[in-house]
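Colleague: This is the structure I have questions about; it appears just below.
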Amino acid sequence: MTDHVLLRMVLRRERDIFVIRQRGREAAAAAGLEHQDQIRLATALSDIGRLLLTVPGGADVAFVARPGTPPSLVVEIVAAAGAAVVLDGDPAAAAAARLVDRMEVDGDGNATRVRLSRRLPLGAAPLTGDRLAGVREELSANAPGTPLDELAVQNRQLLAALDEVRAQRDELAETNSGVMALYNELSQELEETNRGVVALYNELDEKSAQLKAASEAKSRFLANVSHELRAPVTAVIGLTRLLADSGSDPLTEEQARHVDLIRGSATDLLTLVNDLLDLAKAEAGRLEPAWGEVDLRALFGQLRGTARAIITRPEVELTVEDPPTGATLTTDEALLAQVLRNLLTNAIKFTERGTVAMSLRPATGTDGWEIEVADTGIGIPPELHERIFEEFYQVPGSSTGRTGTGLGLPYAQRLVTLLGGSLRLSSEPGKGSVFTVVLPRRPASPAPVPRDEE
Ligand code: ADP
């Protein structure tokens with residue numbers, strides 16, 4: 001691609017710098033550079049010109065249009081032969097380099113050649129022959145002005161630049177105040193939201209305190225009532241025994257039947273009262289586990305005996321696994337036994353035929369144990385899996401012909417929680433149920449206090 005020289009000039013004296021600067025700006029404008037770029041190129045040119053003027057004999061300057069994509073305007077300044085100027089590290093040269101796209105310096109010891117180039121903007125007219133002729137004509141038509149003219153032009157440019165800076169500063173200030181207003185608005189909104197959240201928290205605290213008080217009152221009431229009921233109910237049972245005793249006056253058949261009914265009802269009532277009392281105690285947090293090392297093998301053996309005694313149907317087979325020796329757990333033995341007895345009793349109660357099985361396995365993910373009580377009984381519909389842990393809830397139809405208070409599972413669950421574990425259920429109607437007690441090997445907190453040997 002060939003360069004097209006637009007204009008040649010010489011740089012010999014101080015005043016030539018002004019002329020070169022002026023012509024540089026004009027050449028840049030004629031070639032299509034934007035206003036700011038015209039000033040940049042002219043400034044770089046006068047900086048470099050000033051440096052090369054120190055060479056005896058001065059320099060020659062050529063303005064060149066270089067086609068290409070994009071095309072660019074190149075100014076070539078060649079200092080007279082026989083002199084080399086060191087531009088490397090010169091602050092003025094460095095400043096000039098920043099004002100153009102590219103600054104090349106060749107110095108072979110004989111001459112110093114500096115090339116400044118600036119790309120033409122995308123919108124600039126292509127550098128065709130006609131166009132180049134036009135540019136050349138434009139440049140030759142403009143007679144070089146005096147240094148004073150060029151100074152006036154520079155002053156105007158400076159003022160324009162100052163105006164532009166001022167406008168930018170005003171714009172920035174405006175943007176800043178907009179941002180500040182937005183910030184203030186946002187922080188106000190945030191503060192309001194915070195106040196709302198705090199108020200909500202206070203309300204929640206209040207409500208939870210009320211709930212706690214209500215729940216404590218309920219537990220106290222249940223404990224008192226059941227405690228008061230226990231003595232008279234026990235007395236009624238005692239009296240029915242006395243009436244039916246062979247040593248007492250003989251009863252008519254009718255009377256004996258009534259006494260039996262009274263004893264049956266009173267026994268049910270006593271069970272209910274005892275269950276209520278247990279639950280109330282557990283709820284009121286008055287149940288303190290007596291922590292101790294429990295041998296699961298021994299516990300399973302004991303429960304095997306209890307379960308066997310309750311089974312009345314030959315169609316139900318009971319299997320209680322033998323845990324490995326050394327399977328132990330820090331827990332409250334009596335409370336754990338109560339939970340498992342409860343689950344076994346339910347399993348036997350709700351199983352007409354098949355098996356009731358209790359087994360032990362290491363808990364997954366923790367170092368605790370899982371004790372499983374599984375049956376092949378009537379099962380529990382999935383939508384009731386949570387409800388059966390509510391007080392007094394019994395699956396409709398399941399209690400026909402069976403005794404029960406609906407307090408066993410809520411009590412069992414409370415005890416397991418107290419022991420630091422959890423109670424899981426999986427069950428399908430008609431297939432059976434599996435209740436799983438998951439317990440840690442030792443409770444996390446409070447730290448277990450070994451039971452005193454009494
Ligand atoms: P209760 O056994 O005294 O009725 P629970 O609280 O122990 O009370 O059990 C609540 C209800 O959960 C039972 O009435 C029964 O409907 C259901 N249920 C408990 N265990 C089983 C089980 N193993 N199989 C089927 N249903 C069960």
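Note on naming: chains are A, B, ... as they come in the structure tokens, residues start from 1 per chain, ligands start from 1 in the order shown.
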Show me which residues line ligand 1, defined as having an atom within 6 Å of a ligand atom where only C-alpha atoms and all ligand atoms count, and present them as a list in words.
Modeller: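 After applying the 6 Å limit, what remains is Asn346, Ala347, Phe350, Gly377, Ile378, Gly379, Ile380, Ile388, Tyr393, Gln394, Val395, Ser398, Ser399, Gly404, Thr405, Gly406, Leu407, Gly408, Leu409, Pro410 and Ser433 of chain A.
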Colleague: Write the residues you've just listed into a file as a PDB file, in the first residue's frame, and include C-alpha atoms for each of them.
Modeller:
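Writing the result to again24.pdb gives the following:
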ATOM      1  CA  ASN A 346     -49.096 -51.261  69.700  1.00  0.00           C
ATOM      2  CA  ALA A 347     -47.536 -53.606  67.127  1.00  0.00           C
ATOM      3  CA  PHE A 350     -52.759 -53.846  65.668  1.00  0.00           C
ATOM      4  CA  GLY A 377     -50.558 -55.403  60.931  1.00  0.00           C
ATOM      5  CA  ILE A 378     -53.262 -53.029  59.703  1.00  0.00           C
ATOM      6  CA  GLY A 379     -50.852 -50.177  58.902  1.00  0.00           C
ATOM      7  CA  ILE A 380     -51.484 -46.443  58.984  1.00  0.00           C
ATOM      8  CA  ILE A 388     -51.039 -40.229  65.368  1.00  0.00           C
ATOM      9  CA  TYR A 393     -55.599 -39.197  68.235  1.00  0.00           C
ATOM     10  CA  GLN A 394     -56.536 -42.688  67.089  1.00  0.00           C
ATOM     11  CA  VAL A 395     -56.880 -43.792  63.473  1.00  0.00           C
ATOM     12  CA  SER A 398     -58.532 -48.893  64.406  1.00  0.00           C
ATOM     13  CA  SER A 399     -59.595 -48.920  68.039  1.00  0.00           C
ATOM     14  CA  GLY A 404     -56.159 -47.565  74.174  1.00  0.00           C
ATOM     15  CA  THR A 405     -56.026 -43.936  75.148  1.00  0.00           C
ATOM     16  CA  GLY A 406     -54.277 -42.330  72.165  1.00  0.00           C
ATOM     17  CA  LEU A 407     -51.552 -41.078  74.480  1.00  0.00           C
ATOM     18  CA  GLY A 408     -48.939 -43.802  73.963  1.00  0.00           C
ATOM     19  CA  LEU A 409     -47.248 -42.423  70.821  1.00  0.00           C
ATOM     20  CA  PRO A 410     -47.104 -38.758  71.889  1.00  0.00           C
ATOM     21  CA  SER A 433     -45.834 -50.469  60.179  1.00  0.00           C
TER      22      SER A 433
END
Colleague: Just list the residues in range 65-165 of chain A DSSP gives strand (DSSP E) on the backbone, as a PDB file with all heavy atoms, in the first residue's frame.
Modeller:
ATOM      1  N   ALA A  65      -0.685  10.522   3.959  1.00  0.00           N
ATOM      2  CA  ALA A  65      -1.929   9.751   4.138  1.00  0.00           C
ATOM      3  C   ALA A  65      -1.612   8.308   3.804  1.00  0.00           C
ATOM      4  O   ALA A  65      -1.022   8.032   2.757  1.00  0.00           O
ATOM      5  CB  ALA A  65      -3.010  10.296   3.213  1.00  0.00           C
ATOM      6  N   ARG A  66      -1.928   7.400   4.732  1.00  0.00           N
ATOM      7  CA  ARG A  66      -1.620   5.987   4.496  1.00  0.00           C
ATOM      8  C   ARG A  66      -2.920   5.198   4.387  1.00  0.00           C
ATOM      9  O   ARG A  66      -3.646   5.049   5.359  1.00  0.00           O
ATOM     10  CB  ARG A  66      -0.770   5.464   5.646  1.00  0.00           C
ATOM     11  CG  ARG A  66      -0.464   3.978   5.531  1.00  0.00           C
ATOM     12  CD  ARG A  66       0.571   3.557   6.547  1.00  0.00           C
ATOM     13  NE  ARG A  66       1.850   4.215   6.296  1.00  0.00           N
ATOM     14  CZ  ARG A  66       2.857   4.232   7.165  1.00  0.00           C
ATOM     15  NH1 ARG A  66       2.723   3.666   8.337  1.00  0.00           N
ATOM     16  NH2 ARG A  66       3.993   4.836   6.883  1.00  0.00           N
ATOM     17  N   SER A  72      -4.783   5.832   7.945  1.00  0.00           N
ATOM     18  CA  SER A  72      -4.302   6.701   8.998  1.00  0.00           C
ATOM     19  C   SER A  72      -3.515   7.877   8.441  1.00  0.00           C
ATOM     20  O   SER A  72      -3.125   7.876   7.259  1.00  0.00           O
ATOM     21  CB  SER A  72      -3.457   5.906   9.987  1.00  0.00           C
ATOM     22  OG  SER A  72      -2.545   5.095   9.296  1.00  0.00           O
ATOM     23  N   LEU A  73      -3.337   8.854   9.300  1.00  0.00           N
ATOM     24  CA  LEU A  73      -2.551  10.022   8.943  1.00  0.00           C
ATOM     25  C   LEU A  73      -1.217   9.883   9.670  1.00  0.00           C
ATOM     26  O   LEU A  73      -1.190   9.648  10.890  1.00  0.00           O
ATOM     27  CB  LEU A  73      -3.275  11.291   9.404  1.00  0.00           C
ATOM     28  CG  LEU A  73      -2.542  12.590   9.099  1.00  0.00           C
ATOM     29  CD1 LEU A  73      -2.431  12.831   7.596  1.00  0.00           C
ATOM     30  CD2 LEU A  73      -3.260  13.774   9.750  1.00  0.00           C
ATOM     31  N   VAL A  74      -0.126   9.984   8.914  1.00  0.00           N
ATOM     32  CA  VAL A  74       1.197   9.783   9.511  1.00  0.00           C
ATOM     33  C   VAL A  74       2.013  11.061   9.328  1.00  0.00           C
ATOM     34  O   VAL A  74       1.964  11.672   8.260  1.00  0.00           O
ATOM     35  CB  VAL A  74       1.925   8.607   8.817  1.00  0.00           C
ATOM     36  CG1 VAL A  74       3.305   8.398   9.438  1.00  0.00           C
ATOM     37  CG2 VAL A  74       1.091   7.341   8.907  1.00  0.00           C
ATOM     38  N   VAL A  75       2.705  11.476  10.356  1.00  0.00           N
ATOM     39  CA  VAL A  75       3.596  12.625  10.233  1.00  0.00           C
ATOM     40  C   VAL A  75       5.013  12.104  10.439  1.00  0.00           C
ATOM     41  O   VAL A  75       5.291  11.463  11.455  1.00  0.00           O
ATOM     42  CB  VAL A  75       3.283  13.711  11.278  1.00  0.00           C
ATOM     43  CG1 VAL A  75       4.109  14.949  10.977  1.00  0.00           C
ATOM     44  CG2 VAL A  75       1.810  14.033  11.298  1.00  0.00           C
ATOM     45  N   GLU A  76       5.859  12.332   9.483  1.00  0.00           N
ATOM     46  CA  GLU A  76       7.220  11.818   9.546  1.00  0.00           C
ATOM     47  C   GLU A  76       8.153  13.005   9.750  1.00  0.00           C
ATOM     48  O   GLU A  76       8.119  13.957   8.977  1.00  0.00           O
ATOM     49  CB  GLU A  76       7.531  11.092   8.260  1.00  0.00           C
ATOM     50  CG  GLU A  76       8.695  10.160   8.378  1.00  0.00           C
ATOM     51  CD  GLU A  76       8.802   9.313   7.123  1.00  0.00           C
ATOM     52  OE1 GLU A  76       9.209   9.860   6.074  1.00  0.00           O
ATOM     53  OE2 GLU A  76       8.461   8.132   7.178  1.00  0.00           O
ATOM     54  N   ILE A  77       8.979  12.958  10.807  1.00  0.00           N
ATOM     55  CA  ILE A  77       9.890  14.064  11.069  1.00  0.00           C
ATOM     56  C   ILE A  77      11.297  13.468  11.026  1.00  0.00           C
ATOM     57  O   ILE A  77      11.622  12.555  11.803  1.00  0.00           O
ATOM     58  CB  ILE A  77       9.632  14.674  12.454  1.00  0.00           C
ATOM     59  CG1 ILE A  77       8.116  14.901  12.620  1.00  0.00           C
ATOM     60  CG2 ILE A  77      10.368  15.983  12.647  1.00  0.00           C
ATOM     61  CD1 ILE A  77       7.664  14.755  14.019  1.00  0.00           C
ATOM     62  N   VAL A  78      12.094  13.947  10.148  1.00  0.00           N
ATOM     63  CA  VAL A  78      13.446  13.401   9.995  1.00  0.00           C
ATOM     64  C   VAL A  78      14.456  14.491  10.331  1.00  0.00           C
ATOM     65  O   VAL A  78      14.497  15.534   9.672  1.00  0.00           O
ATOM     66  CB  VAL A  78      13.685  12.893   8.570  1.00  0.00           C
ATOM     67  CG1 VAL A  78      15.034  12.178   8.468  1.00  0.00           C
ATOM     68  CG2 VAL A  78      12.558  11.957   8.151  1.00  0.00           C
ATOM     69  N   ALA A  79      15.269  14.224  11.371  1.00  0.00           N
ATOM     70  CA  ALA A  79      16.282  15.207  11.746  1.00  0.00           C
ATOM     71  C   ALA A  79      17.448  15.098  10.766  1.00  0.00           C
ATOM     72  O   ALA A  79      17.699  14.013  10.228  1.00  0.00           O
ATOM     73  CB  ALA A  79      16.750  14.942  13.167  1.00  0.00           C
ATOM     74  N   ARG A 102       0.367   5.597  17.571  1.00  0.00           N
ATOM     75  CA  ARG A 102       1.612   4.885  17.430  1.00  0.00           C
ATOM     76  C   ARG A 102       2.739   5.882  17.201  1.00  0.00           C
ATOM     77  O   ARG A 102       2.578   6.845  16.437  1.00  0.00           O
ATOM     78  CB  ARG A 102       1.487   3.999  16.193  1.00  0.00           C
ATOM     79  CG  ARG A 102       2.414   2.849  16.157  1.00  0.00           C
ATOM     80  CD  ARG A 102       2.058   2.121  14.894  1.00  0.00           C
ATOM     81  NE  ARG A 102       3.300   1.540  14.417  1.00  0.00           N
ATOM     82  CZ  ARG A 102       3.468   0.240  14.297  1.00  0.00           C
ATOM     83  NH1 ARG A 102       2.470  -0.567  14.532  1.00  0.00           N
ATOM     84  NH2 ARG A 102       4.610  -0.236  13.887  1.00  0.00           N
ATOM     85  N   MET A 103       3.868   5.719  17.887  1.00  0.00           N
ATOM     86  CA  MET A 103       5.021   6.582  17.639  1.00  0.00           C
ATOM     87  C   MET A 103       6.220   5.673  17.416  1.00  0.00           C
ATOM     88  O   MET A 103       6.546   4.869  18.279  1.00  0.00           O
ATOM     89  CB  MET A 103       5.253   7.513  18.831  1.00  0.00           C
ATOM     90  CG  MET A 103       6.440   8.431  18.620  1.00  0.00           C
ATOM     91  SD  MET A 103       6.544   9.714  19.862  1.00  0.00           S
ATOM     92  CE  MET A 103       7.874   9.057  20.837  1.00  0.00           C
ATOM     93  N   GLU A 104       6.845   5.775  16.247  1.00  0.00           N
ATOM     94  CA  GLU A 104       8.024   4.938  15.967  1.00  0.00           C
ATOM     95  C   GLU A 104       9.242   5.855  15.903  1.00  0.00           C
ATOM     96  O   GLU A 104       9.171   6.931  15.297  1.00  0.00           O
ATOM     97  CB  GLU A 104       7.889   4.249  14.628  1.00  0.00           C
ATOM     98  CG  GLU A 104       6.784   3.204  14.604  1.00  0.00           C
ATOM     99  CD  GLU A 104       6.411   2.891  13.172  1.00  0.00           C
ATOM    100  OE1 GLU A 104       5.579   3.640  12.610  1.00  0.00           O
ATOM    101  OE2 GLU A 104       6.961   1.936  12.610  1.00  0.00           O
ATOM    102  N   VAL A 105      10.321   5.433  16.505  1.00  0.00           N
ATOM    103  CA  VAL A 105      11.546   6.239  16.451  1.00  0.00           C
ATOM    104  C   VAL A 105      12.659   5.350  15.892  1.00  0.00           C
ATOM    105  O   VAL A 105      12.903   4.270  16.426  1.00  0.00           O
ATOM    106  CB  VAL A 105      11.936   6.728  17.868  1.00  0.00           C
ATOM    107  CG1 VAL A 105      13.186   7.609  17.784  1.00  0.00           C
ATOM    108  CG2 VAL A 105      10.789   7.495  18.507  1.00  0.00           C
ATOM    109  N   ASP A 106      13.274   5.746  14.790  1.00  0.00           N
ATOM    110  CA  ASP A 106      14.456   5.007  14.301  1.00  0.00           C
ATOM    111  C   ASP A 106      15.625   5.954  14.426  1.00  0.00           C
ATOM    112  O   ASP A 106      15.567   7.081  13.942  1.00  0.00           O
ATOM    113  CB  ASP A 106      14.374   4.663  12.799  1.00  0.00           C
ATOM    114  CG  ASP A 106      13.105   3.940  12.464  1.00  0.00           C
ATOM    115  OD1 ASP A 106      12.684   3.135  13.301  1.00  0.00           O
ATOM    116  OD2 ASP A 106      12.550   4.203  11.359  1.00  0.00           O
ATOM    117  N   GLY A 107      16.669   5.481  15.045  1.00  0.00           N
ATOM    118  CA  GLY A 107      17.876   6.301  15.101  1.00  0.00           C
ATOM    119  C   GLY A 107      19.039   5.400  14.742  1.00  0.00           C
ATOM    120  O   GLY A 107      19.268   4.405  15.423  1.00  0.00           O
ATOM    121  N   THR A 112      17.768  10.783  12.900  1.00  0.00           N
ATOM    122  CA  THR A 112      16.677  10.353  13.758  1.00  0.00           C
ATOM    123  C   THR A 112      15.387  10.576  12.995  1.00  0.00           C
ATOM    124  O   THR A 112      15.136  11.647  12.468  1.00  0.00           O
ATOM    125  CB  THR A 112      16.661  11.182  15.058  1.00  0.00           C
ATOM    126  OG1 THR A 112      17.901  10.981  15.704  1.00  0.00           O
ATOM    127  CG2 THR A 112      15.542  10.733  15.976  1.00  0.00           C
ATOM    128  N   ARG A 113      14.616   9.463  12.913  1.00  0.00           N
ATOM    129  CA  ARG A 113      13.365   9.531  12.170  1.00  0.00           C
ATOM    130  C   ARG A 113      12.228   9.188  13.141  1.00  0.00           C
ATOM    131  O   ARG A 113      12.250   8.140  13.790  1.00  0.00           O
ATOM    132  CB  ARG A 113      13.411   8.505  11.056  1.00  0.00           C
ATOM    133  CG  ARG A 113      12.206   8.481  10.132  1.00  0.00           C
ATOM    134  CD  ARG A 113      12.245   7.225   9.296  1.00  0.00           C
ATOM    135  NE  ARG A 113      13.438   7.218   8.434  1.00  0.00           N
ATOM    136  CZ  ARG A 113      13.419   7.676   7.171  1.00  0.00           C
ATOM    137  NH1 ARG A 113      12.320   8.134   6.637  1.00  0.00           N
ATOM    138  NH2 ARG A 113      14.503   7.638   6.454  1.00  0.00           N
ATOM    139  N   VAL A 114      11.264  10.108  13.258  1.00  0.00           N
ATOM    140  CA  VAL A 114      10.114   9.859  14.145  1.00  0.00           C
ATOM    141  C   VAL A 114       8.863   9.823  13.293  1.00  0.00           C
ATOM    142  O   VAL A 114       8.676  10.671  12.421  1.00  0.00           O
ATOM    143  CB  VAL A 114       9.982  10.986  15.202  1.00  0.00           C
ATOM    144  CG1 VAL A 114       8.801  10.707  16.119  1.00  0.00           C
ATOM    145  CG2 VAL A 114      11.255  11.124  16.008  1.00  0.00           C
ATOM    146  N   ARG A 115       8.060   8.782  13.539  1.00  0.00           N
ATOM    147  CA  ARG A 115       6.805   8.669  12.796  1.00  0.00           C
ATOM    148  C   ARG A 115       5.641   8.660  13.785  1.00  0.00           C
ATOM    149  O   ARG A 115       5.578   7.809  14.661  1.00  0.00           O
ATOM    150  CB  ARG A 115       6.804   7.352  12.025  1.00  0.00           C
ATOM    151  CG  ARG A 115       6.828   7.577  10.538  1.00  0.00           C
ATOM    152  CD  ARG A 115       6.637   6.305   9.774  1.00  0.00           C
ATOM    153  NE  ARG A 115       7.771   6.097   8.907  1.00  0.00           N
ATOM    154  CZ  ARG A 115       8.722   5.195   9.101  1.00  0.00           C
ATOM    155  NH1 ARG A 115       8.656   4.385  10.127  1.00  0.00           N
ATOM    156  NH2 ARG A 115       9.716   5.084   8.269  1.00  0.00           N
ATOM    157  N   LEU A 116       4.745   9.633  13.635  1.00  0.00           N
ATOM    158  CA  LEU A 116       3.557   9.685  14.491  1.00  0.00           C
ATOM    159  C   LEU A 116       2.366   9.287  13.639  1.00  0.00           C
ATOM    160  O   LEU A 116       2.187   9.856  12.557  1.00  0.00           O
ATOM    161  CB  LEU A 116       3.336  11.119  15.001  1.00  0.00           C
ATOM    162  CG  LEU A 116       4.497  11.773  15.762  1.00  0.00           C
ATOM    163  CD1 LEU A 116       4.189  13.238  16.023  1.00  0.00           C
ATOM    164  CD2 LEU A 116       4.723  11.061  17.092  1.00  0.00           C
ATOM    165  N   SER A 117       1.578   8.296  14.089  1.00  0.00           N
ATOM    166  CA  SER A 117       0.410   7.982  13.265  1.00  0.00           C
ATOM    167  C   SER A 117      -0.861   7.919  14.105  1.00  0.00           C
ATOM    168  O   SER A 117      -0.843   7.539  15.273  1.00  0.00           O
ATOM    169  CB  SER A 117       0.610   6.686  12.485  1.00  0.00           C
ATOM    170  OG  SER A 117       1.020   5.673  13.351  1.00  0.00           O
ATOM    171  N   ARG A 118      -1.926   8.304  13.449  1.00  0.00           N
ATOM    172  CA  ARG A 118      -3.236   8.342  14.102  1.00  0.00           C
ATOM    173  C   ARG A 118      -4.243   7.770  13.120  1.00  0.00           C
ATOM    174  O   ARG A 118      -4.283   8.177  11.949  1.00  0.00           O
ATOM    175  CB  ARG A 118      -3.557   9.809  14.435  1.00  0.00           C
ATOM    176  CG  ARG A 118      -4.807  10.024  15.208  1.00  0.00           C
ATOM    177  CD  ARG A 118      -4.560  10.014  16.694  1.00  0.00           C
ATOM    178  NE  ARG A 118      -5.766   9.616  17.389  1.00  0.00           N
ATOM    179  CZ  ARG A 118      -5.849   9.449  18.695  1.00  0.00           C
ATOM    180  NH1 ARG A 118      -4.785   9.646  19.453  1.00  0.00           N
ATOM    181  NH2 ARG A 118      -6.963   9.071  19.260  1.00  0.00           N
ATOM    182  N   ARG A 119      -5.028   6.796  13.570  1.00  0.00           N
ATOM    183  CA  ARG A 119      -6.003   6.180  12.658  1.00  0.00           C
ATOM    184  C   ARG A 119      -7.151   7.145  12.382  1.00  0.00           C
ATOM    185  O   ARG A 119      -7.575   7.874  13.282  1.00  0.00           O
ATOM    186  CB  ARG A 119      -6.577   4.915  13.288  1.00  0.00           C
ATOM    187  CG  ARG A 119      -5.654   3.737  13.223  1.00  0.00           C
ATOM    188  CD  ARG A 119      -6.389   2.497  13.697  1.00  0.00           C
ATOM    189  NE  ARG A 119      -6.911   2.674  15.051  1.00  0.00           N
ATOM    190  CZ  ARG A 119      -6.195   2.397  16.131  1.00  0.00           C
ATOM    191  NH1 ARG A 119      -4.972   1.931  16.035  1.00  0.00           N
ATOM    192  NH2 ARG A 119      -6.721   2.568  17.316  1.00  0.00           N
TER     193      ARG A 119
END
Colleague: Write out as JSON lines a residue-level contact list of range 188-253 of chain A versus range 258-276 of chain A with cut-off 7 Å: for each qualifying residue the closest pair of atoms and the distance in Å to one decimal, counting only C-alpha atoms, rows sorted by chain and residue number upward.
Modeller:
{"residue": "A:Leu222", "atom": "CA", "partner": "A:Leu276", "partner_atom": "CA", "distance": 6.7}
{"residue": "A:Ser226", "atom": "CA", "partner": "A:Val273", "partner_atom": "CA", "distance": 5.1}
{"residue": "A:Arg230", "atom": "CA", "partner": "A:Val273", "partner_atom": "CA", "distance": 6.4}
{"residue": "A:Val233", "atom": "CA", "partner": "A:Ala266", "partner_atom": "CA", "distance": 6.1}
{"residue": "A:Val236", "atom": "CA", "partner": "A:Ala266", "partner_atom": "CA", "distance": 6.8}
{"residue": "A:Ile237", "atom": "CA", "partner": "A:Arg263", "partner_atom": "CA", "distance": 5.5}
{"residue": "A:Thr240", "atom": "CA", "partner": "A:Val259", "partner_atom": "CA", "distance": 5.9}
Colleague: Give me a file of those residues, with N, CA, C and O atoms, as a PDB file, in the first residue's frame.
Modeller:
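Contents of the output file again.pdb:
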ATOM      1  N   LEU A 222     -53.337 -30.904  83.779  1.00  0.00           N
ATOM      2  CA  LEU A 222     -53.417 -32.354  83.555  1.00  0.00           C
ATOM      3  C   LEU A 222     -52.781 -33.117  84.706  1.00  0.00           C
ATOM      4  O   LEU A 222     -53.352 -34.101  85.214  1.00  0.00           O
ATOM      5  N   SER A 226     -55.066 -35.508  87.031  1.00  0.00           N
ATOM      6  CA  SER A 226     -54.836 -36.952  87.010  1.00  0.00           C
ATOM      7  C   SER A 226     -54.333 -37.445  88.366  1.00  0.00           C
ATOM      8  O   SER A 226     -54.698 -38.535  88.810  1.00  0.00           O
ATOM      9  N   ARG A 230     -56.340 -40.336  90.541  1.00  0.00           N
ATOM     10  CA  ARG A 230     -55.730 -41.654  90.688  1.00  0.00           C
ATOM     11  C   ARG A 230     -56.175 -42.362  91.974  1.00  0.00           C
ATOM     12  O   ARG A 230     -56.563 -43.537  91.945  1.00  0.00           O
ATOM     13  N   VAL A 233     -59.892 -43.597  91.871  1.00  0.00           N
ATOM     14  CA  VAL A 233     -60.078 -44.682  90.898  1.00  0.00           C
ATOM     15  C   VAL A 233     -59.456 -45.974  91.431  1.00  0.00           C
ATOM     16  O   VAL A 233     -60.060 -47.054  91.336  1.00  0.00           O
ATOM     17  N   VAL A 236     -61.807 -47.390  93.839  1.00  0.00           N
ATOM     18  CA  VAL A 236     -62.969 -48.061  93.225  1.00  0.00           C
ATOM     19  C   VAL A 236     -62.577 -49.479  92.807  1.00  0.00           C
ATOM     20  O   VAL A 236     -63.309 -50.450  93.061  1.00  0.00           O
ATOM     21  N   ILE A 237     -61.402 -49.594  92.188  1.00  0.00           N
ATOM     22  CA  ILE A 237     -60.954 -50.928  91.743  1.00  0.00           C
ATOM     23  C   ILE A 237     -60.817 -51.862  92.952  1.00  0.00           C
ATOM     24  O   ILE A 237     -61.263 -53.022  92.943  1.00  0.00           O
ATOM     25  N   THR A 240     -64.260 -52.995  94.114  1.00  0.00           N
ATOM     26  CA  THR A 240     -64.900 -54.013  93.250  1.00  0.00           C
ATOM     27  C   THR A 240     -64.281 -55.384  93.534  1.00  0.00           C
ATOM     28  O   THR A 240     -64.979 -56.404  93.524  1.00  0.00           O
TER      29      THR A 240
END
Colleague: Give me the residues within 12 Å of Pro443 in chain A as a ChimeraX atom specification, counting only C-alpha atoms and dropping any in the same chain fewer than 3 places off.
Modeller: /A:289-293,329-332,367-368,416-422,438-440,446-450
Colleague: Given only C-alpha atoms as the basis, pick out the residue of A:Asp170, A:Asp322, A:Glu315, A:Glu253 nearest to Gly354 in chain A.
Modeller: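 For Gly354 in chain A, the nearest of the candidates is A:Glu315.
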Colleague: As a PyMOL selection string, please: the residues near Asp16 in chain A (cut-off 10 Å, only C-alpha atoms, same-chain neighbours under 2 positions excluded).
Modeller: chain A and resi 9-14+18-22+46+49-50+53+146-147
Colleague: Those same residues, written as a tab-separated table (two decimals), in the first residue's frame with C-alpha atoms?
Modeller:
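Done, and the output landed in out22.tsv:
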chain	number	residue	atom	x	y	z
A	9	MET	CA	7.68	21.34	5.45
A	10	VAL	CA	10.98	22.28	7.01
A	11	LEU	CA	11.77	22.84	10.64
A	12	ARG	CA	14.69	25.20	11.10
A	13	ARG	CA	13.74	27.87	13.59
A	14	GLU	CA	11.64	28.24	16.72
A	18	PHE	CA	4.05	27.13	15.42
A	19	VAL	CA	3.59	26.77	11.70
A	20	ILE	CA	4.06	23.00	11.84
A	21	ARG	CA	1.60	22.75	14.66
A	22	GLN	CA	-0.94	24.77	12.75
A	46	SER	CA	4.96	20.42	18.32
A	49	GLY	CA	9.40	19.23	16.73
A	50	ARG	CA	10.75	21.15	19.70
A	53	LEU	CA	14.97	21.48	16.68
A	146	THR	CA	1.85	33.97	12.06
A	147	PRO	CA	2.84	32.47	15.41
Colleague: Gln302 in chain A: which residues within 12 Å, counting only C-alpha atoms, same-chain residues fewer than 6 positions away excluded, as a list in words?
Modeller: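 Surrounding residues, per the criterion: Asp295, Leu296, Arg308, Ala309, Val320, Glu321, Asp322, Glu333, Ala334, Ala337, Gln338, Leu340 and Arg341 of chain A.
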Colleague: Write out, as a compact mmCIF listing (two decimals), in the first residue's frame, the residues just selected, with C-alpha atoms.
Modeller:
# COMPACT_ATOMS: atom_id res chain seq x y z
CA ASP A 295 -26.59 -53.11 77.77
CA LEU A 296 -28.93 -53.48 74.80
CA ARG A 308 -44.40 -62.73 74.76
CA ALA A 309 -46.71 -62.29 77.74
CA VAL A 320 -36.85 -60.10 69.16
CA GLU A 321 -33.32 -60.07 67.79
CA ASP A 322 -30.33 -60.74 70.01
CA GLU A 333 -32.91 -47.50 80.70
CA ALA A 334 -36.34 -47.24 82.27
CA ALA A 337 -37.80 -49.60 77.97
CA GLN A 338 -41.08 -47.73 78.35
CA LEU A 340 -40.07 -49.86 73.29
CA ARG A 341 -42.74 -51.58 75.40
Colleague: What lies within 12 Å of range 135-138 of chain A using only C-alpha atoms, ignoring chain neighbours under 5 positions off, as a list in words?
Modeller: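 The contact residues come out as His4, Val5, Leu6, Leu7, Arg8, Arg23, Glu26, Ala27, Ala28, Ala29, Ala30, Ala31, Gly32, Phe63, Val64, Ala65, Leu73, Ala125, Pro126, Leu127, Thr128, Gly129, Asp130 and Ala143 of chain A.
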Colleague: Select from range 335-451 of chain A everything DSSP, run on the backbone, classes as helix (DSSP H, G or I), then give the selection as a ChimeraX atom specification.
Modeller: /A:335-349,382-384,387-389,408-418
Colleague: Residues at most 10 Å from Arg220 in chain A, counting only C-alpha atoms, excluding those fewer than 2 positions away in the same chain, as a PyMOL selection string?
Modeller: chain A and resi 214-218+222-226+277+280-281+283-284
Colleague: Give me, please, the distance in Å between CA of Leu139 in chain A and CA of Asp101 in chain A, quoted to one decimal.
Modeller: 23.1 Å
